[in-house]
Amino acid sequence: MLTLIKDLATKLAPRLIEIRRHIHSHPELSGQEYQTAAFVAGVLSSSGLRVQEGVGKTGVVGELQVTEKNHSFLAIRTDMDALPIQERTGLEYASRADGVMHACGHDIHTTVGLGAAMVLSQMTEELGGNVRFLFQPAEEIAQGASWMVADGAIKDVSAILGIHVFPSIPAGSIGVRYGALTAAADDLEILIIGESGHGARPHEAIDAIWIASQVITSLQQAISRTQNPLRPVVLTIGKITGGRAPNVIADKVQLLGTVRSLHPETRAQLPNWIERIVANVCHSYGARYQVNYRQGVPGVYNDYALTQLFQSAGEEAWTSDRVQVLPEPSLGAEDFSVYLEHVPGSMFRLGVGYPERIINHPLHHPEFEVDESAIVTGVVTMAYAAYKYLRG
């Protein structure tokens, strides 16, 4: 059966590259994936799948229901949205949308999902079970998975499989990770409230900008001395807003940031820990404050058996030399974790790096580029893993 899957994927390769380049040229931001969704629905329909559009707002669901005896489905999830980045690759098929780019590889994810659907639709008699393909919107804003779940996308799903490109792994290889794959990602807003005054008389005011700088410094220093170094925490302030004029002391500063953590116990105590530090600094200098901490998506925690499934599928398809067992998780985030609150699942890393290049630009870079030979690797790995799961 592996030979059949490889043959089908190889024959589809030119079409899959066309699909990927079309999606790459026409990127759409989170929640605006209308053209992409229509295109995906058309490809799925032409492959004989039952298609439902408008799931999770702009998501698409395609089903291969090969048996009525078993009403459960194996789900395969891919995401479709792009990022607000101006592409600088110079590719012939570069983004035609100003300021929007597939810089995280979701065009590859979507293509692999479509390729797996096209392959598996040609071997339904051999599957022995049903497959549901989820083409999800809005992963980049960590909302699409929740939208899909709310619309019933994982009803009757027994397990879910996912994929994410990885430029540090060469094309032709994959990576698997047992347990924690990505971090929880939470949103942080801190308001520092002081008192305005003349820039020449700082002693008559409470300088919110200076106090904000002390808050940032204190938070970063405290991480290194009060958090367990074996349970990493990353706190990044990415936006600072405050002040009215160069000679006026600011009375209010807003800090916006992200907080990443791997362990649920650590994550649970972070809101109080952050507020204590902010309170101590502000009280020292007579300022007031507000801390708004919003929990975002949890970390992706791969199911052991399903990760073993990906590893064995990859080793059978490509040999063990081309399957890396990743020793460390990423502090990036993925809302694939939302599905894992409901069903077991696993996500593998698809190598997309050019083996001969010294530099493969990282995810979210305006010059991010992939070796398209990885598409067939992804399709075969996903389709064969699905087959192995359905055959038990």
# chains A, B, ... in the order shown; residues from 1 in each chain; ligands from 1
$ residues_around --residues "Ala9 in chain A" --least-positions-apart "3" --cutoff "10 Å" --atoms "only C-alpha atoms" --output "list in words"
Thr3, Leu4, Ile5, Lys6, Leu12, Ala13, Pro14, Arg15, Leu16, Gly115, Ala116, Met118, Val119, Leu120, Ile375, Val376, Thr377, Gly378, Val379, Val380 and Ala383 of chain A
$ write_last_selection --atoms "N, CA, C and O atoms" --output "short mmCIF file (atom, residue, chain, number, x, y, z; two decimals), in the first residue's frame"
data_model
loop_
_atom_site.label_atom_id
_atom_site.label_comp_id
_atom_site.auth_asym_id
_atom_site.auth_seq_id
_atom_site.Cartn_x
_atom_site.Cartn_y
_atom_site.Cartn_z
N THR A 3 3.64 1.62 -1.57
CA THR A 3 4.06 1.83 -2.96
C THR A 3 2.97 2.53 -3.74
O THR A 3 3.24 3.46 -4.53
N LEU A 4 1.72 2.13 -3.53
CA LEU A 4 0.59 2.78 -4.22
C LEU A 4 0.50 4.25 -3.82
O LEU A 4 0.32 5.13 -4.69
N ILE A 5 0.62 4.54 -2.53
CA ILE A 5 0.54 5.92 -2.06
C ILE A 5 1.66 6.76 -2.66
O ILE A 5 1.44 7.88 -3.12
N LYS A 6 2.86 6.21 -2.68
CA LYS A 6 3.98 6.94 -3.27
C LYS A 6 3.77 7.20 -4.76
O LYS A 6 4.05 8.30 -5.27
N LEU A 12 0.84 13.02 -8.87
CA LEU A 12 0.14 14.27 -8.56
C LEU A 12 1.09 15.45 -8.36
O LEU A 12 0.63 16.60 -8.30
N ALA A 13 2.38 15.19 -8.25
CA ALA A 13 3.34 16.23 -7.87
C ALA A 13 3.25 17.50 -8.71
O ALA A 13 3.21 18.61 -8.15
N PRO A 14 3.20 17.43 -10.04
CA PRO A 14 3.10 18.67 -10.83
C PRO A 14 1.84 19.46 -10.49
O PRO A 14 1.88 20.70 -10.39
N ARG A 15 0.73 18.77 -10.32
CA ARG A 15 -0.53 19.45 -9.96
C ARG A 15 -0.44 20.05 -8.57
O ARG A 15 -0.91 21.17 -8.33
N LEU A 16 0.19 19.36 -7.65
CA LEU A 16 0.31 19.88 -6.29
C LEU A 16 1.18 21.13 -6.25
O LEU A 16 0.89 22.07 -5.50
N GLY A 115 -3.45 17.21 -1.17
CA GLY A 115 -2.78 16.06 -1.76
C GLY A 115 -3.15 14.76 -1.07
O GLY A 115 -3.40 13.74 -1.73
N ALA A 116 -3.20 14.78 0.27
CA ALA A 116 -3.59 13.59 1.01
C ALA A 116 -5.03 13.20 0.68
O ALA A 116 -5.34 12.00 0.53
N MET A 118 -6.59 13.84 -2.16
CA MET A 118 -6.60 13.34 -3.54
C MET A 118 -6.07 11.91 -3.60
O MET A 118 -6.60 11.07 -4.34
N VAL A 119 -5.03 11.61 -2.82
CA VAL A 119 -4.48 10.26 -2.80
C VAL A 119 -5.45 9.28 -2.15
O VAL A 119 -5.77 8.22 -2.72
N LEU A 120 -5.93 9.62 -0.97
CA LEU A 120 -6.80 8.69 -0.24
C LEU A 120 -8.13 8.48 -0.95
O LEU A 120 -8.74 7.41 -0.82
N ILE A 375 6.66 18.77 -0.64
CA ILE A 375 5.21 18.54 -0.71
C ILE A 375 4.89 17.05 -0.81
O ILE A 375 4.03 16.53 -0.09
N VAL A 376 5.58 16.34 -1.70
CA VAL A 376 5.34 14.91 -1.85
C VAL A 376 5.70 14.17 -0.56
O VAL A 376 4.98 13.26 -0.13
N THR A 377 6.78 14.58 0.09
CA THR A 377 7.14 13.98 1.38
C THR A 377 6.00 14.13 2.38
O THR A 377 5.64 13.17 3.09
N GLY A 378 5.43 15.33 2.44
CA GLY A 378 4.33 15.57 3.36
C GLY A 378 3.09 14.78 3.03
O GLY A 378 2.43 14.21 3.92
N VAL A 379 2.75 14.72 1.75
CA VAL A 379 1.54 13.99 1.32
C VAL A 379 1.67 12.51 1.62
O VAL A 379 0.75 11.88 2.18
N VAL A 380 2.80 11.91 1.26
CA VAL A 380 3.00 10.48 1.50
C VAL A 380 2.97 10.17 2.99
O VAL A 380 2.31 9.22 3.43
N ALA A 383 -0.70 10.67 4.29
CA ALA A 383 -1.63 9.67 3.75
C ALA A 383 -1.31 8.27 4.29
O ALA A 383 -2.23 7.50 4.63
#
$ closest_atom_pairs --of "range 286-377 of chain A" --to "range 206-211 of chain A" --cutoff "10 Å" --atoms "only C-alpha atoms" --output "tab-separated table"
residue	atom	partner	partner_atom	distance
A:Gly286	CA	A:Ile206	CA	7.0
A:Ala287	CA	A:Ile206	CA	6.7
A:Arg288	CA	A:Ala208	CA	9.3
A:Tyr289	CA	A:Ala208	CA	9.9
$ write_last_selection --atoms "N, CA, C and O atoms" --output "compact mmCIF listing (two decimals), in the first residue's frame"
# COMPACT_ATOMS: atom_id res chain seq x y z
N GLY A 286 5.11 55.70 43.17
CA GLY A 286 3.86 56.43 43.29
C GLY A 286 2.92 56.32 42.11
O GLY A 286 1.99 57.12 41.98
N ALA A 287 3.12 55.35 41.26
CA ALA A 287 2.23 55.18 40.10
C ALA A 287 1.14 54.16 40.40
O ALA A 287 1.26 53.35 41.33
N ARG A 288 0.11 54.21 39.60
CA ARG A 288 -0.93 53.19 39.64
C ARG A 288 -0.75 52.28 38.42
O ARG A 288 0.01 52.59 37.51
N TYR A 289 -1.48 51.16 38.41
CA TYR A 289 -1.28 50.21 37.31
C TYR A 289 -2.54 49.39 37.11
O TYR A 289 -3.42 49.30 37.97
$ closest_atom_pairs --of "range 236-319 of chain A" --to "range 329-337 of chain A" --cutoff "10 Å" --atoms "only C-alpha atoms" --output "CSV"
residue,atom,partner,partner_atom,distance
A:Val259,CA,A:Leu331,CA,9.7
A:Arg260,CA,A:Leu331,CA,6.3
A:Ser261,CA,A:Leu331,CA,7.1
A:Leu262,CA,A:Leu331,CA,7.5
A:Gly296,CA,A:Asp335,CA,9.0
A:Val297,CA,A:Asp335,CA,5.9
A:Pro298,CA,A:Ser337,CA,6.0
A:Gly299,CA,A:Ser337,CA,5.9
A:Val300,CA,A:Ser337,CA,4.5
A:Tyr301,CA,A:Ser337,CA,7.2
A:Asn302,CA,A:Ser337,CA,9.0
$ write_last_selection --atoms "C-alpha atoms" --output "short mmCIF file (atom, residue, chain, number, x, y, z; two decimals), in the first residue's frame"
data_model
loop_
_atom_site.label_atom_id
_atom_site.label_comp_id
_atom_site.auth_asym_id
_atom_site.auth_seq_id
_atom_site.Cartn_x
_atom_site.Cartn_y
_atom_site.Cartn_z
CA VAL A 259 3.97 35.20 27.48
CA ARG A 260 5.09 31.69 26.52
CA SER A 261 5.39 28.67 28.81
CA LEU A 262 5.57 24.89 28.51
CA GLY A 296 -4.60 32.25 24.80
CA VAL A 297 -4.04 28.79 23.39
CA PRO A 298 -2.53 25.94 25.43
CA GLY A 299 0.57 24.10 24.32
CA VAL A 300 0.46 21.29 21.79
CA TYR A 301 1.05 18.00 23.60
CA ASN A 302 1.42 15.15 21.12
#
$ closest_residue --among "A:Ile163, A:Leu340, A:Gln86, A:Ile192" --to "Gly175 in chain A" --atoms "only C-alpha atoms"
A:Ile163
$ residues_around --residues "Met101 in chain A" --least-positions-apart "3" --cutoff "12 Å" --atoms "only C-alpha atoms" --output "count of residues only"
35
$ select_by_dssp --residues "range 22-208 of chain A" --states "helix (DSSP H, G or I)" --output "PyMOL selection string"
chain A and resi 22-25+34-46+106-120+124-127+144-150+202-204+208
$ write_last_selection --atoms "C-alpha atoms" --output "short mmCIF file (atom, residue, chain, number, x, y, z; two decimals), in the first residue's frame"
data_model
loop_
_atom_site.label_atom_id
_atom_site.label_comp_id
_atom_site.auth_asym_id
_atom_site.auth_seq_id
_atom_site.Cartn_x
_atom_site.Cartn_y
_atom_site.Cartn_z
CA HIS A 22 -1.65 29.48 -6.77
CA ILE A 23 -2.31 29.63 -3.02
CA HIS A 24 1.04 31.33 -2.41
CA SER A 25 0.28 34.00 -5.02
CA TYR A 34 -12.71 33.47 1.05
CA GLN A 35 -10.87 32.82 -2.23
CA THR A 36 -8.64 30.17 -0.65
CA ALA A 37 -11.66 28.39 0.84
CA ALA A 38 -13.51 28.41 -2.49
CA PHE A 39 -10.43 27.06 -4.24
CA VAL A 40 -9.96 24.32 -1.64
CA ALA A 41 -13.64 23.35 -1.84
CA GLY A 42 -13.36 23.04 -5.62
CA VAL A 43 -10.35 20.74 -5.45
CA LEU A 44 -12.01 18.56 -2.81
CA SER A 45 -15.25 18.33 -4.79
CA SER A 46 -13.41 17.34 -7.95
CA HIS A 106 0.28 27.48 5.41
CA ASP A 107 0.22 27.28 1.61
CA ILE A 108 2.29 24.10 1.96
CA HIS A 109 0.02 22.81 4.73
CA THR A 110 -3.09 23.34 2.61
CA THR A 111 -1.46 21.69 -0.39
CA VAL A 112 -0.41 18.66 1.66
CA GLY A 113 -3.96 18.37 3.01
CA LEU A 114 -5.39 18.52 -0.50
CA GLY A 115 -2.78 16.06 -1.76
CA ALA A 116 -3.59 13.59 1.01
CA ALA A 117 -7.30 13.92 0.17
CA MET A 118 -6.60 13.34 -3.54
CA VAL A 119 -4.48 10.26 -2.80
CA LEU A 120 -6.80 8.69 -0.24
CA THR A 124 -11.13 4.18 -0.51
CA GLU A 125 -11.66 0.42 -0.69
CA GLU A 126 -8.35 -0.12 1.11
CA LEU A 127 -8.91 2.42 3.88
CA GLY A 144 -9.69 29.42 13.90
CA ALA A 145 -9.52 26.11 15.73
CA SER A 146 -12.05 27.32 18.31
CA TRP A 147 -14.34 28.46 15.50
CA MET A 148 -14.09 25.05 13.84
CA VAL A 149 -14.77 23.18 17.08
CA ALA A 150 -17.77 25.41 17.82
CA PRO A 202 10.35 65.69 36.54
CA HIS A 203 10.21 65.89 40.35
CA GLU A 204 6.74 67.46 40.07
CA ALA A 208 4.96 56.74 33.35
#
$ select_by_dssp --residues "range 200-354 of chain A" --states "strand (DSSP E)" --output "number ranges by chain"
A: 233-242, 248-249, 252-261, 288-297, 301-302, 323-325, 345-353
$ write_last_selection --atoms "N, CA and C atoms" --output "tab-separated table (two decimals), in the first residue's frame"
chain	number	residue	atom	x	y	z
A	233	VAL	N	10.16	30.19	30.63
A	233	VAL	CA	9.15	31.23	30.42
A	233	VAL	C	9.79	32.30	29.54
A	234	VAL	N	9.09	32.71	28.52
A	234	VAL	CA	9.53	33.83	27.69
A	234	VAL	C	8.45	34.90	27.75
A	235	LEU	N	8.85	36.10	28.17
A	235	LEU	CA	7.94	37.24	28.22
A	235	LEU	C	8.50	38.32	27.31
A	236	THR	N	7.74	38.68	26.30
A	236	THR	CA	8.19	39.68	25.34
A	236	THR	C	7.20	40.83	25.28
A	237	ILE	N	7.67	42.03	25.53
A	237	ILE	CA	6.86	43.22	25.32
A	237	ILE	C	7.10	43.68	23.89
A	238	GLY	N	6.08	43.60	23.08
A	238	GLY	CA	6.23	43.89	21.66
A	238	GLY	C	5.73	45.25	21.23
A	239	LYS	N	4.98	45.93	22.11
A	239	LYS	CA	4.44	47.23	21.73
A	239	LYS	C	4.36	48.13	22.96
A	240	ILE	N	4.83	49.38	22.81
A	240	ILE	CA	4.75	50.38	23.88
A	240	ILE	C	4.08	51.62	23.32
A	241	THR	N	3.06	52.10	24.01
A	241	THR	CA	2.35	53.30	23.57
A	241	THR	C	2.27	54.27	24.75
A	242	GLY	N	2.70	55.52	24.53
A	242	GLY	CA	2.60	56.50	25.61
A	242	GLY	C	3.22	57.83	25.24
A	248	VAL	N	6.78	66.92	27.44
A	248	VAL	CA	5.71	66.65	28.41
A	248	VAL	C	5.91	65.25	28.98
A	249	ILE	N	5.99	65.18	30.29
A	249	ILE	CA	6.13	63.88	30.94
A	249	ILE	C	4.84	63.08	30.79
A	252	LYS	N	0.59	58.22	31.10
A	252	LYS	CA	0.05	56.88	30.89
A	252	LYS	C	0.87	56.17	29.82
A	253	VAL	N	1.17	54.92	30.07
A	253	VAL	CA	1.87	54.07	29.11
A	253	VAL	C	1.18	52.71	29.05
A	254	GLN	N	1.00	52.23	27.85
A	254	GLN	CA	0.43	50.90	27.64
A	254	GLN	C	1.52	49.97	27.11
A	255	LEU	N	1.68	48.82	27.75
A	255	LEU	CA	2.62	47.79	27.30
A	255	LEU	C	1.81	46.58	26.84
A	256	LEU	N	2.11	46.08	25.65
A	256	LEU	CA	1.45	44.88	25.13
A	256	LEU	C	2.51	43.82	24.87
A	257	GLY	N	2.23	42.61	25.28
A	257	GLY	CA	3.22	41.56	25.10
A	257	GLY	C	2.62	40.17	25.01
A	258	THR	N	3.52	39.20	24.88
A	258	THR	CA	3.14	37.79	24.83
A	258	THR	C	3.94	37.03	25.87
A	259	VAL	N	3.32	36.02	26.46
A	259	VAL	CA	3.97	35.20	27.48
A	259	VAL	C	3.87	33.74	27.05
A	260	ARG	N	5.03	33.08	26.97
A	260	ARG	CA	5.09	31.69	26.52
A	260	ARG	C	5.59	30.80	27.64
A	261	SER	N	4.98	29.63	27.78
A	261	SER	CA	5.39	28.67	28.81
A	261	SER	C	5.04	27.26	28.36
A	288	ARG	N	0.11	54.21	39.60
A	288	ARG	CA	-0.93	53.19	39.64
A	288	ARG	C	-0.75	52.28	38.42
A	289	TYR	N	-1.48	51.16	38.41
A	289	TYR	CA	-1.28	50.21	37.31
A	289	TYR	C	-2.54	49.39	37.11
A	290	GLN	N	-2.61	48.75	35.95
A	290	GLN	CA	-3.60	47.71	35.66
A	290	GLN	C	-2.88	46.61	34.90
A	291	VAL	N	-3.12	45.37	35.28
A	291	VAL	CA	-2.57	44.22	34.56
A	291	VAL	C	-3.74	43.40	34.03
A	292	ASN	N	-3.76	43.23	32.72
A	292	ASN	CA	-4.78	42.40	32.08
A	292	ASN	C	-4.07	41.22	31.42
A	293	TYR	N	-4.31	40.06	31.97
A	293	TYR	CA	-3.66	38.83	31.48
A	293	TYR	C	-4.73	37.93	30.88
A	294	ARG	N	-4.59	37.62	29.60
A	294	ARG	CA	-5.60	36.78	28.93
A	294	ARG	C	-4.96	35.48	28.45
A	295	GLN	N	-5.49	34.38	28.93
A	295	GLN	CA	-4.97	33.09	28.47
A	295	GLN	C	-5.36	32.87	27.02
A	296	GLY	N	-4.36	32.54	26.21
A	296	GLY	CA	-4.60	32.25	24.80
A	296	GLY	C	-4.74	30.76	24.58
A	297	VAL	N	-3.94	30.22	23.67
A	297	VAL	CA	-4.04	28.79	23.39
A	297	VAL	C	-3.08	28.00	24.27
A	301	TYR	N	0.46	19.16	22.93
A	301	TYR	CA	1.05	18.00	23.60
A	301	TYR	C	0.69	16.77	22.78
A	302	ASN	N	1.66	16.25	22.05
A	302	ASN	CA	1.42	15.15	21.12
A	302	ASN	C	1.14	13.84	21.85
A	323	VAL	N	14.07	10.61	9.41
A	323	VAL	CA	13.08	10.93	10.44
A	323	VAL	C	13.83	11.36	11.69
A	324	GLN	N	13.67	12.62	12.06
A	324	GLN	CA	14.34	13.14	13.24
A	324	GLN	C	13.38	13.13	14.43
A	325	VAL	N	13.83	12.57	15.55
A	325	VAL	CA	13.07	12.68	16.79
A	325	VAL	C	13.58	13.95	17.48
A	345	GLY	N	-4.25	13.63	19.49
A	345	GLY	CA	-3.71	14.00	18.19
A	345	GLY	C	-2.22	14.16	18.23
A	346	SER	N	-1.64	14.36	17.07
A	346	SER	CA	-0.20	14.61	16.96
A	346	SER	C	0.07	15.43	15.71
A	347	MET	N	1.07	16.27	15.80
A	347	MET	CA	1.52	17.10	14.68
A	347	MET	C	2.98	16.78	14.39
A	348	PHE	N	3.30	16.57	13.10
A	348	PHE	CA	4.70	16.34	12.76
A	348	PHE	C	5.26	17.56	12.04
A	349	ARG	N	6.59	17.66	12.03
A	349	ARG	CA	7.29	18.75	11.37
A	349	ARG	C	7.74	18.28	9.99
A	350	LEU	N	7.40	19.04	8.98
A	350	LEU	CA	7.80	18.72	7.61
A	350	LEU	C	9.01	19.56	7.23
A	351	GLY	N	10.13	18.90	6.93
A	351	GLY	CA	11.31	19.62	6.50
A	351	GLY	C	11.08	20.29	5.16
A	352	VAL	N	11.40	21.58	5.08
A	352	VAL	CA	11.24	22.32	3.82
A	352	VAL	C	12.50	23.09	3.45
A	353	GLY	N	13.58	22.88	4.20
A	353	GLY	CA	14.81	23.60	3.93
A	353	GLY	C	15.52	23.07	2.69
$ atom_distance --atom1 "CA of Val176 in chain A" --atom2 "CA of Leu326 in chain A"
5.8 Å
$ residues_around --residues "range 128-134 of chain A" --least-positions-apart "5" --cutoff "9 Å" --atoms "only C-alpha atoms" --output "ChimeraX atom specification"
/A:59-68,70-79,113-114,117,120,148,153-154,157,386-387,389-391
$ atom_distance --atom1 "CA of Glu372 in chain A" --atom2 "CA of Thr307 in chain A"
24.2 Å
$ residues_around --residues "Asp251 in chain A" --least-positions-apart "4" --cutoff "6 Å" --atoms "only C-alpha atoms" --output "list in words"
Ile193, Gly194, Glu195, Ser196 and Ala208 of chain A
$ atom_distance --atom1 "CA of Gly152 in chain A" --atom2 "CA of His263 in chain A"
28.8 Å
